[in-house]
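File shown here: start-v9.cif, holding mmCIF, C-alpha atoms and all ligand atoms.
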data_work
#
loop_
_atom_site.label_atom_id
_atom_site.label_comp_id
_atom_site.auth_asym_id
_atom_site.auth_seq_id
_atom_site.Cartn_x
_atom_site.Cartn_y
_atom_site.Cartn_z
CA MET A 3 -7.20 -19.48 1.95
CA GLU A 4 -5.20 -22.69 2.28
CA ILE A 5 -1.45 -22.54 2.23
CA SER A 6 0.31 -25.63 1.02
CA MET A 7 3.55 -26.47 2.74
CA LYS A 8 4.61 -29.08 0.18
CA PHE A 9 7.69 -28.35 -1.89
CA GLN A 10 6.47 -27.65 -5.37
CA PRO A 11 7.21 -25.25 -8.21
CA ALA A 12 5.51 -21.86 -8.01
CA PRO A 13 2.44 -21.70 -10.28
CA VAL A 14 3.08 -20.04 -13.63
CA ARG A 15 0.19 -17.61 -13.05
CA SER A 16 2.70 -15.06 -11.74
CA LYS A 17 3.08 -12.01 -13.96
CA SER A 18 6.14 -10.66 -12.25
CA ALA A 19 9.34 -12.61 -12.57
CA GLU A 20 10.74 -10.39 -9.84
CA VAL A 21 8.28 -11.59 -7.20
CA ALA A 22 8.18 -15.17 -8.48
CA GLN A 23 11.87 -15.22 -7.72
CA LEU A 24 11.37 -13.76 -4.28
CA THR A 25 8.44 -15.94 -3.28
CA PRO A 26 9.57 -19.25 -1.81
CA LEU A 27 8.93 -22.18 -4.13
CA SER A 28 7.45 -24.14 -1.27
CA PHE A 29 4.57 -21.71 -1.02
CA THR A 30 1.29 -21.72 -2.90
CA ARG A 31 0.59 -18.06 -3.26
CA THR A 32 -2.76 -16.68 -2.15
CA ASP A 33 -4.83 -13.85 -3.69
CA ALA A 34 -2.98 -11.29 -1.60
CA PHE A 35 0.31 -12.39 -3.17
CA TYR A 36 -1.17 -11.91 -6.63
CA GLU A 37 -2.31 -8.44 -5.59
CA LEU A 38 1.23 -7.69 -4.50
CA GLU A 39 2.62 -8.94 -7.79
CA GLN A 40 0.30 -6.64 -9.71
CA LEU A 41 1.78 -3.57 -8.03
CA ILE A 42 4.22 -1.71 -10.24
CA GLY A 43 7.71 -1.16 -8.77
CA LEU A 44 7.88 -1.27 -4.94
CA LYS A 45 10.92 -3.55 -4.84
CA GLN A 46 11.61 -2.93 -1.17
CA VAL A 47 8.05 -3.91 -0.25
CA LYS A 48 8.20 -7.11 -2.30
CA ARG A 49 11.57 -8.00 -0.85
CA THR A 50 10.36 -7.46 2.75
CA ILE A 51 7.33 -9.68 2.20
CA ALA A 52 9.53 -12.37 0.65
CA GLU A 53 11.78 -12.29 3.72
CA VAL A 54 8.91 -12.55 6.18
CA THR A 55 7.21 -15.33 4.19
CA ALA A 56 10.42 -17.31 4.00
CA PHE A 57 10.95 -16.81 7.72
CA SER A 58 7.45 -18.01 8.54
CA LEU A 59 7.83 -21.15 6.39
CA VAL A 60 11.18 -21.97 7.97
CA GLN A 61 9.68 -21.45 11.43
CA LYS A 62 7.02 -24.04 10.64
CA GLN A 63 9.65 -26.57 9.63
CA ARG A 64 11.75 -25.75 12.69
CA ASN A 65 8.69 -26.25 14.83
CA ASP A 66 8.14 -29.69 13.27
CA LYS A 67 11.70 -30.61 14.24
CA GLY A 68 11.20 -29.41 17.81
CA LEU A 69 13.44 -26.33 17.47
CA LYS A 70 12.77 -23.18 19.47
CA PRO A 71 10.39 -20.61 17.97
CA SER A 72 11.79 -17.12 17.41
CA PRO A 73 8.99 -14.58 17.23
CA ILE A 74 9.76 -11.49 15.18
CA VAL A 75 8.46 -7.96 15.37
CA LEU A 76 6.83 -6.64 12.20
CA HIS A 77 5.93 -3.07 13.14
CA ALA A 78 6.79 -0.76 10.30
CA ILE A 79 7.34 2.80 9.17
CA PHE A 80 6.24 3.75 5.66
CA LYS A 81 7.74 6.97 4.36
CA GLY A 82 6.65 8.58 1.14
CA ASN A 83 4.66 11.21 -0.69
CA PRO A 84 0.90 10.96 -1.27
CA GLY A 85 -0.19 8.37 -3.80
CA THR A 86 2.96 6.25 -3.59
CA GLY A 87 1.03 3.17 -2.45
CA LYS A 88 1.42 3.24 1.34
CA THR A 89 -2.21 2.47 2.23
CA THR A 90 -2.52 -0.08 -0.57
CA VAL A 91 0.57 -1.91 0.67
CA ALA A 92 -0.54 -1.76 4.33
CA ARG A 93 -3.77 -3.51 3.34
CA ILE A 94 -1.84 -6.21 1.45
CA PHE A 95 0.59 -6.61 4.38
CA GLY A 96 -2.37 -7.44 6.62
CA LYS A 97 -3.77 -10.02 4.21
CA ILE A 98 -0.43 -11.69 3.51
CA PHE A 99 0.63 -11.84 7.15
CA HIS A 100 -2.73 -13.40 7.88
CA ASP A 101 -2.26 -15.93 5.05
CA ILE A 102 1.13 -16.98 6.40
CA GLY A 103 -0.27 -17.33 9.90
CA MET A 104 1.28 -14.29 11.56
CA LEU A 105 -1.95 -12.37 12.18
CA SER A 106 -5.24 -13.93 13.23
CA ARG A 107 -7.49 -11.59 11.19
CA GLY A 108 -5.34 -9.52 8.82
CA HIS A 109 -7.77 -6.60 8.52
CA LEU A 110 -6.65 -2.97 8.23
CA VAL A 111 -7.71 -0.22 10.61
CA GLU A 112 -6.82 3.27 9.41
CA ALA A 113 -6.39 6.00 11.98
CA GLU A 114 -5.07 9.53 12.13
CA ARG A 115 -4.30 11.94 14.93
CA ALA A 116 -7.94 12.85 15.59
CA ASP A 117 -8.84 9.17 16.12
CA LEU A 118 -6.14 8.71 18.76
CA VAL A 119 -5.73 12.00 20.59
CA GLY A 120 -8.36 13.25 23.01
CA GLU A 121 -9.15 16.64 24.47
CA TYR A 122 -8.73 16.15 28.20
CA ILE A 123 -6.60 14.09 30.56
CA GLY A 124 -7.40 10.39 30.25
CA HIS A 125 -9.34 10.86 26.99
CA THR A 126 -6.35 10.03 24.76
CA ALA A 127 -5.55 6.68 26.37
CA LEU A 128 -9.22 5.78 26.07
CA LYS A 129 -9.42 6.70 22.39
CA THR A 130 -6.14 5.02 21.48
CA LYS A 131 -7.04 1.84 23.36
CA GLU A 132 -10.37 1.71 21.55
CA ILE A 133 -8.62 1.83 18.17
CA LEU A 134 -6.05 -0.71 19.32
CA LYS A 135 -8.85 -3.05 20.35
CA LYS A 136 -10.39 -2.80 16.87
CA SER A 137 -7.00 -3.50 15.29
CA LEU A 138 -6.09 -6.63 17.25
CA GLY A 139 -5.33 -9.48 14.89
CA GLY A 140 -4.62 -7.07 12.03
CA VAL A 141 -2.79 -3.93 11.01
CA LEU A 142 -3.21 -0.52 12.64
CA PHE A 143 -2.18 2.04 10.04
CA VAL A 144 -1.56 5.51 11.44
CA ASP A 145 -1.48 8.02 8.61
CA GLU A 146 0.49 11.25 8.98
CA ALA A 147 1.81 9.82 12.23
CA TYR A 148 4.25 12.73 12.67
CA THR A 149 1.31 14.92 13.67
CA LEU A 150 1.30 13.02 16.99
CA ALA A 151 4.37 15.07 17.91
CA LYS A 152 3.12 18.38 16.64
CA GLY A 153 2.11 19.92 19.97
CA GLY A 154 5.42 19.27 21.76
CA GLU A 155 5.99 17.77 25.20
CA LYS A 156 2.65 18.78 26.75
CA ASP A 157 0.52 17.64 23.86
CA PHE A 158 -1.71 14.57 24.32
CA GLY A 159 -0.09 13.16 21.16
CA GLN A 160 2.76 11.93 23.37
CA GLU A 161 0.30 9.94 25.43
CA ALA A 162 -1.09 8.35 22.27
CA VAL A 163 2.43 7.34 21.22
CA ALA A 164 3.14 5.87 24.68
CA THR A 165 -0.11 3.86 24.59
CA LEU A 166 0.66 2.61 21.10
CA VAL A 167 4.19 1.60 22.05
CA LYS A 168 2.96 -0.38 25.05
CA ALA A 169 0.39 -2.28 22.96
CA MET A 170 3.03 -2.92 20.30
CA GLU A 171 5.09 -4.76 22.94
CA ASP A 172 2.22 -6.55 24.65
CA GLN A 173 0.43 -7.64 21.46
CA ARG A 174 3.43 -8.07 19.18
CA ASN A 175 2.34 -11.56 18.16
CA ASN A 176 -1.04 -10.46 16.90
CA LEU A 177 -0.86 -6.80 15.93
CA ILE A 178 1.19 -4.85 13.44
CA VAL A 179 1.42 -1.09 13.81
CA ILE A 180 2.43 0.88 10.73
CA LEU A 181 3.22 4.57 11.04
CA ALA A 182 3.07 6.42 7.75
CA GLY A 183 3.80 9.90 6.48
CA TYR A 184 6.00 12.16 4.39
CA CYS A 185 9.69 11.35 4.51
CA SER A 186 11.19 14.38 6.21
CA GLU A 187 8.37 14.77 8.73
CA MET A 188 8.59 11.09 9.68
CA ASP A 189 12.37 11.33 10.08
CA SER A 190 12.11 14.23 12.51
CA PHE A 191 9.24 12.53 14.34
CA ILE A 192 11.27 9.35 14.85
CA ASN A 193 14.36 11.29 15.84
CA SER A 194 12.39 13.30 18.39
CA ASN A 195 11.27 10.11 20.17
CA PRO A 196 14.29 8.20 21.48
CA GLY A 197 13.71 4.48 21.32
CA LEU A 198 10.98 4.74 18.71
CA ARG A 199 13.17 3.78 15.77
CA SER A 200 14.19 0.43 17.21
CA ARG A 201 10.57 -0.51 17.82
CA PHE A 202 9.91 -0.38 14.08
CA PRO A 203 12.33 -2.85 12.53
CA ILE A 204 10.73 -2.53 9.09
CA GLN A 205 11.29 0.84 7.45
CA ILE A 206 10.23 1.29 3.87
CA ASP A 207 10.77 4.28 1.61
CA PHE A 208 8.04 4.71 -0.98
CA ASP A 209 9.76 6.63 -3.77
CA ASP A 210 7.91 8.80 -6.22
CA TYR A 211 7.07 6.81 -9.34
CA THR A 212 8.96 7.41 -12.56
CA SER A 213 6.96 8.39 -15.64
CA ASP A 214 7.39 4.84 -16.99
CA GLN A 215 5.96 3.38 -13.81
CA LEU A 216 3.05 5.84 -13.86
CA PHE A 217 2.39 4.81 -17.45
CA GLN A 218 2.37 1.14 -16.47
CA ILE A 219 0.03 1.92 -13.56
CA ALA A 220 -2.32 3.77 -15.92
CA MET A 221 -2.28 0.97 -18.50
CA GLN A 222 -3.01 -1.55 -15.76
CA MET A 223 -5.95 0.53 -14.55
CA TYR A 224 -7.40 0.70 -18.10
CA THR A 225 -6.94 -3.03 -18.65
CA GLU A 226 -8.54 -3.90 -15.32
CA ARG A 227 -11.54 -1.81 -16.32
CA ASP A 228 -11.80 -3.37 -19.83
CA TYR A 229 -10.67 -0.27 -21.73
CA GLU A 230 -8.07 0.14 -24.46
CA LEU A 231 -6.15 3.13 -25.77
CA SER A 232 -5.72 4.01 -29.43
CA SER A 233 -2.05 4.38 -30.31
CA LYS A 234 -2.37 8.18 -30.50
CA CYS A 235 -3.99 8.19 -27.08
CA ARG A 236 -1.17 6.04 -25.72
CA TRP A 237 1.39 8.55 -26.98
CA LYS A 238 -0.50 11.45 -25.50
CA LEU A 239 -0.68 9.64 -22.16
CA LYS A 240 3.06 8.96 -22.23
CA SER A 241 3.92 12.57 -22.96
CA LYS A 242 1.45 13.86 -20.34
CA LEU A 243 3.05 11.65 -17.71
CA ASN A 244 6.56 12.71 -18.75
CA GLY A 245 5.50 16.32 -18.35
CA PHE A 246 3.84 15.56 -15.02
CA VAL A 247 6.95 13.94 -13.57
CA LYS A 248 9.23 16.72 -14.82
CA CYS A 249 7.34 19.55 -13.24
CA HIS A 250 5.21 18.08 -10.50
CA HIS A 251 5.23 19.06 -6.88
CA PRO A 252 6.09 16.17 -4.50
CA HIS A 253 2.64 16.29 -2.97
CA SER A 254 0.78 16.21 -6.26
CA GLY A 255 -0.41 12.66 -6.05
CA ASN A 256 1.76 10.13 -7.90
CA ALA A 257 -0.43 7.08 -8.62
CA ARG A 258 -3.49 8.87 -7.28
CA TYR A 259 -3.00 11.52 -9.98
CA VAL A 260 -2.97 8.67 -12.49
CA ARG A 261 -6.16 7.18 -11.06
CA ASN A 262 -7.90 10.54 -11.33
CA LEU A 263 -6.66 11.00 -14.88
CA VAL A 264 -7.86 7.52 -15.85
CA GLU A 265 -11.29 8.06 -14.32
CA LYS A 266 -11.68 11.49 -15.92
CA SER A 267 -10.78 10.04 -19.34
CA LEU A 268 -13.47 7.37 -18.95
CA ARG A 269 -16.03 10.08 -18.28
CA LEU A 270 -14.87 12.08 -21.29
CA GLN A 271 -15.08 9.02 -23.53
CA ALA A 272 -18.61 8.36 -22.27
CA LEU A 273 -19.59 11.92 -23.08
CA ARG A 274 -18.18 11.54 -26.59
CA ILE A 275 -20.10 8.36 -27.41
CA VAL A 276 -23.23 8.53 -25.28
CA ASP A 277 -25.55 9.71 -28.05
CA ASN A 278 -24.99 6.60 -30.12
CA ASP A 279 -27.39 3.83 -28.99
CA ASN A 280 -25.75 1.22 -31.15
CA LEU A 281 -22.19 1.16 -29.97
CA THR A 282 -19.97 -1.77 -30.86
CA ARG A 283 -17.94 -3.57 -28.25
CA ARG A 284 -14.82 -1.93 -29.68
CA GLU A 285 -16.31 1.57 -29.55
CA LEU A 286 -17.28 1.01 -25.94
CA MET A 287 -13.74 0.02 -25.07
CA ILE A 288 -11.54 2.39 -27.01
CA LEU A 289 -10.24 5.71 -25.74
CA GLU A 290 -9.15 8.30 -28.27
CA GLU A 291 -6.63 11.12 -27.90
CA ILE A 292 -9.37 13.67 -27.20
CA ASP A 293 -10.62 11.61 -24.26
CA LEU A 294 -7.49 12.35 -22.26
CA PRO A 295 -8.14 15.47 -20.19
CA ASP A 296 -5.77 18.41 -20.43
CA VAL A 297 -6.12 19.27 -16.78
CA VAL A 298 -6.76 16.90 -13.89
CA ILE A 299 -7.80 18.23 -10.52
CA ASN A 300 -6.04 16.17 -7.90
N1 LIG A 401 2.63 0.43 -7.39
C1 LIG A 401 1.37 0.60 -7.73
N2 LIG A 401 0.83 -0.12 -8.73
C2 LIG A 401 -0.46 0.05 -9.07
N3 LIG A 401 -1.30 0.94 -8.50
C3 LIG A 401 -0.82 1.68 -7.49
C4 LIG A 401 0.52 1.56 -7.05
N4 LIG A 401 0.73 2.44 -6.04
C5 LIG A 401 -0.43 3.07 -5.84
N5 LIG A 401 -1.37 2.63 -6.71
C6 LIG A 401 -2.76 3.10 -6.78
O1 LIG A 401 -2.74 4.49 -6.53
C7 LIG A 401 -3.78 4.90 -5.66
C8 LIG A 401 -3.22 5.61 -4.45
O2 LIG A 401 -2.46 4.72 -3.64
P1 LIG A 401 -2.47 4.79 -2.02
O3 LIG A 401 -3.79 5.30 -1.54
O4 LIG A 401 -2.04 3.46 -1.53
O5 LIG A 401 -1.35 5.87 -1.76
P2 LIG A 401 -0.85 6.50 -0.37
O6 LIG A 401 0.63 6.46 -0.40
O7 LIG A 401 -1.54 5.80 0.76
O8 LIG A 401 -1.32 8.01 -0.46
P3 LIG A 401 -1.66 9.05 0.77
O9 LIG A 401 -0.38 9.34 1.47
O10 LIG A 401 -2.20 10.25 0.06
O11 LIG A 401 -2.68 8.38 1.64
C9 LIG A 401 -4.56 3.62 -5.33
O12 LIG A 401 -5.66 3.57 -6.21
C10 LIG A 401 -3.60 2.50 -5.65
O13 LIG A 401 -4.27 1.34 -6.06
MG MG A 402 -2.87 6.58 2.21
#

Translate the structure of the given file into structure tokens.
Ligand SMILES: Nc1ncnc2c1ncn2[C@@H]1O[C@H](COP(=O)(O)OP(=O)(O)OP(=O)(O)O)[C@@H](O)[C@H]1O
Ligand SMILES: [Mg+2]
Amino acid sequence: MEISMKFQPAPVRSKSAEVAQLTPLSFTRTDAFYELEQLIGLKQVKRTIAEVTAFSLVQKQRNDKGLKPSPIVLHAIFKGNPGTGKTTVARIFGKIFHDIGMLSRGHLVEAERADLVGEYIGHTALKTKEILKKSLGGVLFVDEAYTLAKGGEKDFGQEAVATLVKAMEDQRNNLIVILAGYCSEMDSFINSNPGLRSRFPIQIDFDDYTSDQLFQIAMQMYTERDYELSSKCRWKLKSKLNGFVKCHHPHSGNARYVRNLVEKSLRLQALRIVDNDNLTRRELMILEEIDLPDVVIN
């Protein structure tokens, strides 16, 4: 997608005043920016992208005036519980950094320990290099990255980390490595590897969503799918999410819980109306209180 460098007001299409404010006015936002705007909350993510976008635009102007380029490192650590949006954001990072000219492809390669660590000497470097090759020009997203340290000094995980770190230096202009995982595990992983922290200048905490945010996420999911909630159903959803946030376990899924709940409710609605062959548009869209499941398996 084309990026205009002319100074012009940001299009009014933006839904989020917060991001409109953070996105430079001189930038015509691409689809990936709209995707980012749609995400509920995630202030730190939006702020980081605004900084990098601004930096990239200023670099282009500096370049035009013959000033020295200053490459920056964009490797990142994403810390947070399941379902807080880490993978979703990593994918958007790739697309946006491609759109602003910092990555040549902008695709996302997801990997976990088993994709990087081998079973015999030499196997790990081979496996890790293979994944790195696939990721060039985009984002390599290593989920549950702390497991690379789980076997201690003698474990091949260390070799995977060393190979990653080398590629992060060598390919820093065309590869972003994101290590992701639960907060406390990632903290001890980073602390156990001296020098690792400074190689990841972007560190983002993905907080658990509040019940209001989960409600907004749910409503967005229904709207995107062309469904509506009756007012009773809306109230039931609100109180379910309040209850969920009050008593939930940190690993119980956040926005993923919401997605499962939304999908289950669509199935329950279908079951309620399926025997009527002559459904109106409204009946096809509306979800009633009884369509919201009492229990959702996560
Ligand atoms: N801020 C948000 N706004 C809207 N939808 C969101 C938001 N955060 C997450 N979601 C949705 O929730 C689901 C789970 O998100 P995602 O897979 O990115 O979480 P995750 O942090 O990577 O979880 P895990 O650690 O389990 O891999 C996705 O369907 C995503 O679209
Ligand atoms: Mg994920």

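In this model, the gap between CA of Ala52 (chain A) and CA of Phe143 (chain A) comes to 20.8 Å.
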
Task: Selection within 7 Å of ligand MG 402 (chain A) by only C-alpha atoms and all ligand atoms, output as a PyMOL selection string - done: chain A and resi 84-85+87-89+145

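In terms of minimum interatomic distance to ligand LIG 401 (chain A), A:Met223 ranks closest within A:Val264, A:Ala147, A:Ala162, A:Met223, counting all atoms listed in the file.
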
- [ ] Check the smallest atom-to-atom distance from each of A:Lys62, A:Arg269, A:Lys45, A:His251 to ligand LIG 401 (chain A) using only C-alpha atoms and all ligand atoms, then report the winner.
- [x]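 Under the stated criterion, the closest residue is A:Lys45.
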
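If all atoms listed in the file are the atoms counted, then among A:Lys240, A:Lys136, A:Arg227, A:Arg115 the closest residue to Leu181 (chain A) is A:Arg115.
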
Open item on the list: I need the residue nearest Tyr224 (chain A) from this list: A:Ser106, A:Asn176, A:Thr212, A:Ser267. Use all atoms listed in the file for the distance.
Closed with: A:Ser267

Open item on the list: What's around region 194-199 of chain A at 10 Å? Count all atoms listed in the file, leave out sequence neighbours fewer than 5 positions away in its own chain, and write the answer as a VMD selection string.
Closed with: chain A and resid 78 to 79 148 151 154 160 163 to 164 167 188 to 189 204 to 205

Compile the contact shell of Leu294 (chain A) as an mmCIF file with C-alpha atoms, in the frame of the given file: residues with an atom at most 9 Å away, counting all atoms listed in the file, same-chain residues fewer than 4 positions apart removed.
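Below you can see out.cif, which holds the result:
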data_model
loop_
_atom_site.group_PDB
_atom_site.id
_atom_site.type_symbol
_atom_site.label_atom_id
_atom_site.label_comp_id
_atom_site.auth_asym_id
_atom_site.auth_seq_id
_atom_site.Cartn_x
_atom_site.Cartn_y
_atom_site.Cartn_z
ATOM 1 C CA CYS A 235 -3.990 8.190 -27.080
ATOM 2 C CA LYS A 238 -0.500 11.450 -25.500
ATOM 3 C CA LEU A 239 -0.680 9.640 -22.160
ATOM 4 C CA LEU A 263 -6.660 11.000 -14.880
ATOM 5 C CA VAL A 264 -7.860 7.520 -15.850
ATOM 6 C CA LYS A 266 -11.680 11.490 -15.920
ATOM 7 C CA SER A 267 -10.780 10.040 -19.340
ATOM 8 C CA LEU A 268 -13.470 7.370 -18.950
ATOM 9 C CA LEU A 270 -14.870 12.080 -21.290
ATOM 10 C CA GLN A 271 -15.080 9.020 -23.530
ATOM 11 C CA LEU A 289 -10.240 5.710 -25.740
ATOM 12 C CA GLU A 290 -9.150 8.300 -28.270
#

- [ ] Would you mind telling me which residue in A:Thr130, A:Asn65, A:Ser233, A:Asn83 lies nearest to ligand LIG 401 (chain A) when using all atoms listed in the file?
- [x]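 Among A:Thr130, A:Asn65, A:Ser233, A:Asn83, it is A:Asn83 that comes nearest to ligand LIG 401 (chain A).
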
Open item on the list: At a cut-off of 9 Å around ligand LIG 401 (chain A), and using all atoms listed in the file, what residues come up? Please write them as a ChimeraX atom specification.
Closed with: /A:38,40-44,80-93,145-146,182-184,208,211,215-216,218-220,222-223,253,255-262

Those same residues, written as a PDB file, in the coordinates of the input with C-alpha atoms?
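Written out: out_32.pdb:
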ATOM      1  CA  LEU A  38       1.230  -7.690  -4.500  1.00  0.00           C
ATOM      2  CA  GLN A  40       0.300  -6.640  -9.710  1.00  0.00           C
ATOM      3  CA  LEU A  41       1.780  -3.570  -8.030  1.00  0.00           C
ATOM      4  CA  ILE A  42       4.220  -1.710 -10.240  1.00  0.00           C
ATOM      5  CA  GLY A  43       7.710  -1.160  -8.770  1.00  0.00           C
ATOM      6  CA  LEU A  44       7.880  -1.270  -4.940  1.00  0.00           C
ATOM      7  CA  PHE A  80       6.240   3.750   5.660  1.00  0.00           C
ATOM      8  CA  LYS A  81       7.740   6.970   4.360  1.00  0.00           C
ATOM      9  CA  GLY A  82       6.650   8.580   1.140  1.00  0.00           C
ATOM     10  CA  ASN A  83       4.660  11.210  -0.690  1.00  0.00           C
ATOM     11  CA  PRO A  84       0.900  10.960  -1.270  1.00  0.00           C
ATOM     12  CA  GLY A  85      -0.190   8.370  -3.800  1.00  0.00           C
ATOM     13  CA  THR A  86       2.960   6.250  -3.590  1.00  0.00           C
ATOM     14  CA  GLY A  87       1.030   3.170  -2.450  1.00  0.00           C
ATOM     15  CA  LYS A  88       1.420   3.240   1.340  1.00  0.00           C
ATOM     16  CA  THR A  89      -2.210   2.470   2.230  1.00  0.00           C
ATOM     17  CA  THR A  90      -2.520  -0.080  -0.570  1.00  0.00           C
ATOM     18  CA  VAL A  91       0.570  -1.910   0.670  1.00  0.00           C
ATOM     19  CA  ALA A  92      -0.540  -1.760   4.330  1.00  0.00           C
ATOM     20  CA  ARG A  93      -3.770  -3.510   3.340  1.00  0.00           C
ATOM     21  CA  ASP A 145      -1.480   8.020   8.610  1.00  0.00           C
ATOM     22  CA  GLU A 146       0.490  11.250   8.980  1.00  0.00           C
ATOM     23  CA  ALA A 182       3.070   6.420   7.750  1.00  0.00           C
ATOM     24  CA  GLY A 183       3.800   9.900   6.480  1.00  0.00           C
ATOM     25  CA  TYR A 184       6.000  12.160   4.390  1.00  0.00           C
ATOM     26  CA  PHE A 208       8.040   4.710  -0.980  1.00  0.00           C
ATOM     27  CA  TYR A 211       7.070   6.810  -9.340  1.00  0.00           C
ATOM     28  CA  GLN A 215       5.960   3.380 -13.810  1.00  0.00           C
ATOM     29  CA  LEU A 216       3.050   5.840 -13.860  1.00  0.00           C
ATOM     30  CA  GLN A 218       2.370   1.140 -16.470  1.00  0.00           C
ATOM     31  CA  ILE A 219       0.030   1.920 -13.560  1.00  0.00           C
ATOM     32  CA  ALA A 220      -2.320   3.770 -15.920  1.00  0.00           C
ATOM     33  CA  GLN A 222      -3.010  -1.550 -15.760  1.00  0.00           C
ATOM     34  CA  MET A 223      -5.950   0.530 -14.550  1.00  0.00           C
ATOM     35  CA  HIS A 253       2.640  16.290  -2.970  1.00  0.00           C
ATOM     36  CA  GLY A 255      -0.410  12.660  -6.050  1.00  0.00           C
ATOM     37  CA  ASN A 256       1.760  10.130  -7.900  1.00  0.00           C
ATOM     38  CA  ALA A 257      -0.430   7.080  -8.620  1.00  0.00           C
ATOM     39  CA  ARG A 258      -3.490   8.870  -7.280  1.00  0.00           C
ATOM     40  CA  TYR A 259      -3.000  11.520  -9.980  1.00  0.00           C
ATOM     41  CA  VAL A 260      -2.970   8.670 -12.490  1.00  0.00           C
ATOM     42  CA  ARG A 261      -6.160   7.180 -11.060  1.00  0.00           C
ATOM     43  CA  ASN A 262      -7.900  10.540 -11.330  1.00  0.00           C
TER      44      ASN A 262
END

Task: Atom-to-atom span, CA of Ser190 (chain A) and CA of Ala127 (chain A), Å - done: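 Taking CA of Ser190 (chain A) and CA of Ala127 (chain A), their separation equals 23.7 Å.
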
Return as AutoDock Vina command-line options the centre and edge lengths, in Å with one decimal, of the box along x, y and z that encloses every atom of region 183-199 of chain A in the file, padded by 6 Å per side.
--center_x 9.1 --center_y 9.3 --center_z 12.9 --size_x 22.6 --size_y 23.0 --size_z 29.1
